[in-house]
Amino acid sequence: MFIELLIGAIKAIVVVLVVLNLTALMLWFERKGAALIQDRIGANRANVLGIGKRLGMPNFGMVNTILCDPIKMFMKEDFVPDGADHFLHGLAPFLALFPVIVTFAVAPMSDILRIGRYTIDLQPANLNVGALYILATIGIGVYGVALSGWSSNNRWALLGGIRATAQMISYEIALGLAILAVVVSYGSLDLQTICRHQGGVWFGFLPRWGILLQPVSFILLMVAGMAESKRVPFDLPEAESELIAGYFTEYSGGKQAVFMMTDFAEVVLVAMLATTFFFGGWQVPWLYRDGFHFPGGGHLLVPNLIVAVLEFIAFWVKVVVLCWLQILVRWTLPRFRYDQLMRLGWKGLVPIGLANLVVTAFVVVVAGAK
Amino acid sequence: MPVWLFIFLAALAVISALGVILQRNPVHCVLALALVLIDMGILFIGLGAETVGFLQIIVYVGAIMVLFLFVIWLLNIQTEERTSEGHLGLKFFGAIAAAALIAEFFAIFLNTPAAMTPRPLPVDYGSIASLAHLLFSSYLVAFEVTSVLLLAAIVGAIALARRVQRAGETVIHQLSSSVTSTEKAA
């Protein structure tokens, strides 16, 4: 009993730590990536004790983005404007961050790991309705943004909050349709089962990943997910040229940092969803329970522990690659106009998602459920 | 579901339900209502009806309560002032309704056997498959009628929205007046 509790706690701590560290890393990714795209040097300060220089390494500016900036943010004055709703103003940032972090409770980090007599499912919470859980937590995430806009007692903040709420609600539908198509084609709401269905190969070499089965759904999920995370090209809620900073105009110091963290955590979340549904989750190409079975016919048998570790690494590598893809998009495209945003959401993504769902359902019924 | 968890959630639901009617700021009321609905969703999940619980949170908390917030912001509903004396007719009918509700509760409590023996649940209880099976067999007519009703509501909403010209302007006007009055209230 105690051991089971301990295992559960370790799984929860591991996933939260990985996500929080990825969030911090994303900040550095963003700055250095933007600099590379815009042909600048970017963050390159704070070479602690000259260690990097002594080793002859270039200075990547990781220390000041990951360590110094957050410390600076949390040391700043926490300012609450006159006439603001104090309770909600303080609550809103955490109401925004919390649902995003708890969504990772269903992240399928790896397949089953066997140590001695214990069989550990490396999904922190094995829900058999995992896909619904994701949609529920994303739905609750709207409140933090909406309330931060309202409770600040500021026109720009309120406008930003309303824009953000309308945008998130609209794109949630497209996101739900994208996830639903995958759920229909695999016949399960359980994320581990969906990952397991993506094992094996087509034509002897091609991994059976979801992106090959549901390419339209993948594009829908990425677009809708990027809109959910409220970043360029969908950053109308915080359009600096019109709204100062939108819903978090009146936030300073630590609370503003929490909003920034929410944005990055949402990027990681979208990457996690895309990995799970379309890139096989923890699947490593040609790796099975007992080891590698290469397309040429070669075998390489590997113990269960190493298989689980490889799958764990594969899952997070895929997540990081997809995060990088989102940053690339963020620094490539300009911002939408508001009517374009709504048109894309309601007249573009939702009909495509519905059509995709109908076609998927038709094929599944005709071909027999998978 | 352990008893202490049930008692905690039930108490939280009652307290937030009281918050819905006792608070004067409509936004706080909506938040309290959202808390009640999340709470009920968790109760459903704890009692084994996971699909219903999560759907409750998605639909009510994720969509309908946000709609309530929008309505409050866009229609510029203010913090209520406590009037010294309510409307006499309202008080009269309110008392009758409250008495009827209390009588109903008593009837339920008195007719419940003291110790309900818990029956074992079916294996697939609360799963999405069993729910779908029920919806498409026993409750098919009700299910289809509800979907037609929702479709009619969508068509009606679009028809109403298209009739109002320059709707965008009106909304922005109301929004700015809403902010002004919030400032005044502060």
# chains A, B, ... in the order shown; residues from 1 in each chain; ligands from 1
call {"tool": "residues_around", "arguments": {"residues": "Gly161 in chain A", "least_positions_apart": "5", "cutoff": "9 Å", "atoms": "only C-alpha atoms", "output": "VMD selection string"}}
result
chain A and resid 145 to 150 156 166 237 to 238 246 to 248
call {"tool": "residues_around", "arguments": {"residues": "His28 in chain B", "least_positions_apart": "4", "cutoff": "10 Å", "atoms": "only C-alpha atoms", "output": "list of chain:residue names"}}
result
A:Leu88, B:Gly19, B:Val20, B:Leu22, B:Gln23, B:Arg24, B:Ala32, B:Leu33, B:Ala34, B:Leu69, B:Thr79
call {"tool": "interface_residues", "arguments": {"of": "chain A", "to": "chain B", "cutoff": "6 Å", "atoms": "only C-alpha atoms", "output": "ChimeraX atom specification"}}
result
/A:83,136,139-140
call {"tool": "write_last_selection", "arguments": {"atoms": "N, CA and C atoms", "output": "compact mmCIF listing (two decimals), in the first residue's frame"}}
result
# COMPACT_ATOMS: atom_id res chain seq x y z
N GLY A 83 -9.37 50.11 -7.21
CA GLY A 83 -10.67 49.72 -7.73
C GLY A 83 -10.69 48.32 -8.29
N ALA A 136 -12.07 18.93 -20.47
CA ALA A 136 -12.64 19.58 -19.28
C ALA A 136 -11.65 20.58 -18.69
N GLY A 139 -11.29 23.60 -20.76
CA GLY A 139 -12.47 24.45 -20.61
C GLY A 139 -12.39 25.32 -19.36
N ILE A 140 -11.88 24.74 -18.26
CA ILE A 140 -11.78 25.52 -17.02
C ILE A 140 -10.73 26.62 -17.16
call {"tool": "select_by_dssp", "arguments": {"residues": "range 185-370 of chain A", "states": "alpha helix (DSSP H)", "output": "PyMOL selection string"}}
result
chain A and resi 185-186+191-197+210-213+215-228+240-243+253-278+304-330+338-342+350-367
call {"tool": "write_last_selection", "arguments": {"atoms": "C-alpha atoms", "output": "mmCIF file, in the first residue's frame"}}
result
data_model
loop_
_atom_site.group_PDB
_atom_site.id
_atom_site.type_symbol
_atom_site.label_atom_id
_atom_site.label_comp_id
_atom_site.auth_asym_id
_atom_site.auth_seq_id
_atom_site.Cartn_x
_atom_site.Cartn_y
_atom_site.Cartn_z
ATOM 1 C CA SER A 185 -10.592 6.035 -35.300
ATOM 2 C CA TYR A 186 -8.915 4.312 -32.333
ATOM 3 C CA LEU A 191 -4.639 7.898 -23.923
ATOM 4 C CA GLN A 192 -2.545 4.811 -23.133
ATOM 5 C CA THR A 193 -4.787 2.691 -25.352
ATOM 6 C CA ILE A 194 -4.523 5.273 -28.131
ATOM 7 C CA CYS A 195 -0.725 5.145 -27.831
ATOM 8 C CA ARG A 196 -0.730 1.331 -27.878
ATOM 9 C CA HIS A 197 -2.847 1.318 -31.039
ATOM 10 C CA GLY A 210 -1.721 8.784 -36.009
ATOM 11 C CA ILE A 211 -0.479 11.555 -38.267
ATOM 12 C CA LEU A 212 -0.577 9.157 -41.218
ATOM 13 C CA LEU A 213 -4.094 8.073 -40.307
ATOM 14 C CA PRO A 215 -3.409 14.214 -41.135
ATOM 15 C CA VAL A 216 -6.293 16.718 -41.273
ATOM 16 C CA SER A 217 -6.954 16.233 -37.616
ATOM 17 C CA PHE A 218 -3.293 16.919 -36.805
ATOM 18 C CA ILE A 219 -3.364 20.285 -38.606
ATOM 19 C CA LEU A 220 -6.642 21.169 -36.881
ATOM 20 C CA LEU A 221 -5.217 20.316 -33.475
ATOM 21 C CA MET A 222 -2.044 22.322 -34.016
ATOM 22 C CA VAL A 223 -3.895 25.415 -35.285
ATOM 23 C CA ALA A 224 -6.585 25.288 -32.620
ATOM 24 C CA GLY A 225 -4.007 24.528 -29.949
ATOM 25 C CA MET A 226 -1.869 27.495 -30.938
ATOM 26 C CA ALA A 227 -4.979 29.660 -30.754
ATOM 27 C CA GLU A 228 -5.676 28.261 -27.277
ATOM 28 C CA GLU A 240 0.452 45.398 -27.688
ATOM 29 C CA SER A 241 -0.322 47.987 -30.337
ATOM 30 C CA GLU A 242 -4.010 48.084 -29.431
ATOM 31 C CA LEU A 243 -4.434 46.881 -25.868
ATOM 32 C CA GLY A 253 6.071 40.916 -10.876
ATOM 33 C CA GLY A 254 5.338 37.348 -9.926
ATOM 34 C CA LYS A 255 1.746 37.254 -11.128
ATOM 35 C CA GLN A 256 2.763 38.462 -14.572
ATOM 36 C CA ALA A 257 5.424 35.754 -14.573
ATOM 37 C CA VAL A 258 2.701 33.219 -13.805
ATOM 38 C CA PHE A 259 0.762 34.367 -16.874
ATOM 39 C CA MET A 260 3.908 34.029 -18.971
ATOM 40 C CA MET A 261 4.429 30.548 -17.554
ATOM 41 C CA THR A 262 0.840 29.662 -18.460
ATOM 42 C CA ASP A 263 1.511 30.589 -22.076
ATOM 43 C CA PHE A 264 4.574 28.377 -22.252
ATOM 44 C CA ALA A 265 2.897 25.562 -20.333
ATOM 45 C CA GLU A 266 0.096 25.685 -22.903
ATOM 46 C CA VAL A 267 2.653 25.367 -25.684
ATOM 47 C CA VAL A 268 4.031 22.265 -23.960
ATOM 48 C CA LEU A 269 0.456 21.007 -23.497
ATOM 49 C CA VAL A 270 -0.351 21.338 -27.208
ATOM 50 C CA ALA A 271 2.885 19.543 -28.023
ATOM 51 C CA MET A 272 1.943 16.814 -25.546
ATOM 52 C CA LEU A 273 -1.498 16.384 -27.132
ATOM 53 C CA ALA A 274 -0.079 16.256 -30.658
ATOM 54 C CA THR A 275 2.565 13.743 -29.541
ATOM 55 C CA THR A 276 -0.001 11.515 -27.881
ATOM 56 C CA PHE A 277 -2.582 11.554 -30.632
ATOM 57 C CA PHE A 278 -0.467 11.812 -33.767
ATOM 58 C CA ASN A 304 12.002 -4.090 -20.100
ATOM 59 C CA LEU A 305 13.619 -1.354 -18.010
ATOM 60 C CA ILE A 306 15.591 0.013 -20.962
ATOM 61 C CA VAL A 307 12.508 -0.188 -23.202
ATOM 62 C CA ALA A 308 10.562 1.916 -20.688
ATOM 63 C CA VAL A 309 13.397 4.452 -20.382
ATOM 64 C CA LEU A 310 13.738 4.712 -24.174
ATOM 65 C CA GLU A 311 10.000 5.277 -24.492
ATOM 66 C CA PHE A 312 10.065 7.916 -21.763
ATOM 67 C CA ILE A 313 12.873 9.769 -23.557
ATOM 68 C CA ALA A 314 11.124 9.400 -26.923
ATOM 69 C CA PHE A 315 7.933 10.930 -25.552
ATOM 70 C CA TRP A 316 9.621 14.058 -24.231
ATOM 71 C CA VAL A 317 11.885 14.422 -27.286
ATOM 72 C CA LYS A 318 8.787 14.469 -29.481
ATOM 73 C CA VAL A 319 7.213 17.042 -27.174
ATOM 74 C CA VAL A 320 10.284 19.305 -27.371
ATOM 75 C CA VAL A 321 10.408 19.050 -31.176
ATOM 76 C CA LEU A 322 6.753 20.056 -31.426
ATOM 77 C CA CYS A 323 7.345 22.951 -29.005
ATOM 78 C CA TRP A 324 10.142 24.102 -31.281
ATOM 79 C CA LEU A 325 7.765 23.884 -34.260
ATOM 80 C CA GLN A 326 5.312 26.170 -32.460
ATOM 81 C CA ILE A 327 8.027 28.708 -31.707
ATOM 82 C CA LEU A 328 9.018 28.643 -35.359
ATOM 83 C CA VAL A 329 5.422 29.445 -36.314
ATOM 84 C CA ARG A 330 5.235 32.170 -33.684
ATOM 85 C CA TYR A 338 -10.053 39.821 -35.235
ATOM 86 C CA ASP A 339 -12.591 39.096 -37.992
ATOM 87 C CA GLN A 340 -10.028 36.894 -39.742
ATOM 88 C CA LEU A 341 -9.515 35.000 -36.508
ATOM 89 C CA MET A 342 -13.219 34.340 -36.037
ATOM 90 C CA VAL A 350 -15.121 23.833 -37.484
ATOM 91 C CA PRO A 351 -16.571 22.734 -40.868
ATOM 92 C CA ILE A 352 -13.321 20.942 -41.768
ATOM 93 C CA GLY A 353 -13.360 19.239 -38.379
ATOM 94 C CA LEU A 354 -16.983 18.173 -38.782
ATOM 95 C CA ALA A 355 -16.343 16.831 -42.294
ATOM 96 C CA ASN A 356 -13.251 15.001 -41.071
ATOM 97 C CA LEU A 357 -15.243 13.482 -38.217
ATOM 98 C CA VAL A 358 -18.048 12.323 -40.520
ATOM 99 C CA VAL A 359 -15.599 10.769 -42.987
ATOM 100 C CA THR A 360 -13.708 9.080 -40.136
ATOM 101 C CA ALA A 361 -16.907 7.697 -38.623
ATOM 102 C CA PHE A 362 -18.030 6.443 -42.045
ATOM 103 C CA VAL A 363 -14.725 4.697 -42.723
ATOM 104 C CA VAL A 364 -14.632 3.162 -39.250
ATOM 105 C CA VAL A 365 -18.155 1.786 -39.612
ATOM 106 C CA VAL A 366 -17.558 0.466 -43.126
ATOM 107 C CA ALA A 367 -14.150 -1.029 -42.413
#
call {"tool": "atom_distance", "arguments": {"atom1": "CA of Arg208 in chain A", "atom2": "CA of Leu132 in chain A"}}
result
23.7 Å
call {"tool": "select_by_dssp", "arguments": {"residues": "range 176-282 of chain A", "states": "strand (DSSP E)", "output": "PyMOL selection string"}}
result
chain A and resi 201-202+206-207
call {"tool": "residues_around", "arguments": {"residues": "range 99-103 of chain A", "least_positions_apart": "3", "cutoff": "6 Å", "atoms": "only C-alpha atoms", "output": "PyMOL selection string"}}
result
chain A and resi 134+137+141
call {"tool": "residues_around", "arguments": {"residues": "Gly130 in chain A", "least_positions_apart": "3", "cutoff": "8 Å", "atoms": "only C-alpha atoms", "output": "list in words"}}
result
Val106, Asn126, Leu127, Tyr133, Ile134, Leu189, Asp190 and Leu191 of chain A
call {"tool": "residues_around", "arguments": {"residues": "range 115-124 of chain A", "least_positions_apart": "4", "cutoff": "8 Å", "atoms": "only C-alpha atoms", "output": "PyMOL selection string"}}
result
chain A and resi 7-8+11-12+15+105-111+192+305
call {"tool": "atom_distance", "arguments": {"atom1": "CA of Leu91 in chain A", "atom2": "CA of Met168 in chain A"}}
result
19.5 Å
call {"tool": "closest_residue", "arguments": {"among": "A:Gly187, A:Lys32, A:Cys68, A:Ala164", "to": "Gly368 in chain A", "atoms": "only C-alpha atoms"}}
result
A:Gly187
call {"tool": "residues_around", "arguments": {"residues": "Ala10 in chain B", "least_positions_apart": "3", "cutoff": "10 Å", "atoms": "only C-alpha atoms", "output": "compact mmCIF listing (two decimals) with N, CA and C atoms, in the first residue's frame"}}
result
# COMPACT_ATOMS: atom_id res chain seq x y z
N TRP B 4 -15.67 10.55 3.93
CA TRP B 4 -15.19 11.89 4.29
C TRP B 4 -15.08 12.77 3.05
N LEU B 5 -14.71 12.18 1.91
CA LEU B 5 -14.59 12.97 0.69
C LEU B 5 -15.98 13.43 0.24
N PHE B 6 -16.94 12.51 0.36
CA PHE B 6 -18.30 12.86 -0.03
C PHE B 6 -18.81 14.01 0.83
N ILE B 7 -18.58 13.91 2.15
CA ILE B 7 -19.08 14.96 3.05
C ILE B 7 -18.41 16.29 2.73
N ALA B 13 -20.31 22.08 -1.89
CA ALA B 13 -21.38 22.41 -2.83
C ALA B 13 -22.43 23.28 -2.18
N VAL B 14 -22.80 22.93 -0.92
CA VAL B 14 -23.84 23.71 -0.24
C VAL B 14 -23.34 25.13 0.02
N ILE B 15 -22.08 25.24 0.47
CA ILE B 15 -21.55 26.57 0.77
C ILE B 15 -21.50 27.42 -0.50
N SER B 16 -21.04 26.83 -1.61
CA SER B 16 -20.97 27.65 -2.83
C SER B 16 -22.35 27.96 -3.35
N VAL B 36 -20.10 25.25 -7.81
CA VAL B 36 -21.09 24.22 -7.51
C VAL B 36 -21.08 23.14 -8.60
N ASP B 39 -18.04 20.97 -8.54
CA ASP B 39 -18.20 20.10 -7.39
C ASP B 39 -19.10 18.92 -7.73
N MET B 40 -20.22 19.22 -8.40
CA MET B 40 -21.13 18.13 -8.77
C MET B 40 -20.49 17.20 -9.77
N LEU B 43 -18.37 14.93 -7.88
CA LEU B 43 -19.20 13.93 -7.19
C LEU B 43 -19.60 12.81 -8.15
call {"tool": "closest_residue", "arguments": {"among": "A:Ala239, A:Met1, A:Val142, A:Leu349", "to": "Leu95 in chain A", "atoms": "only C-alpha atoms"}}
result
A:Val142
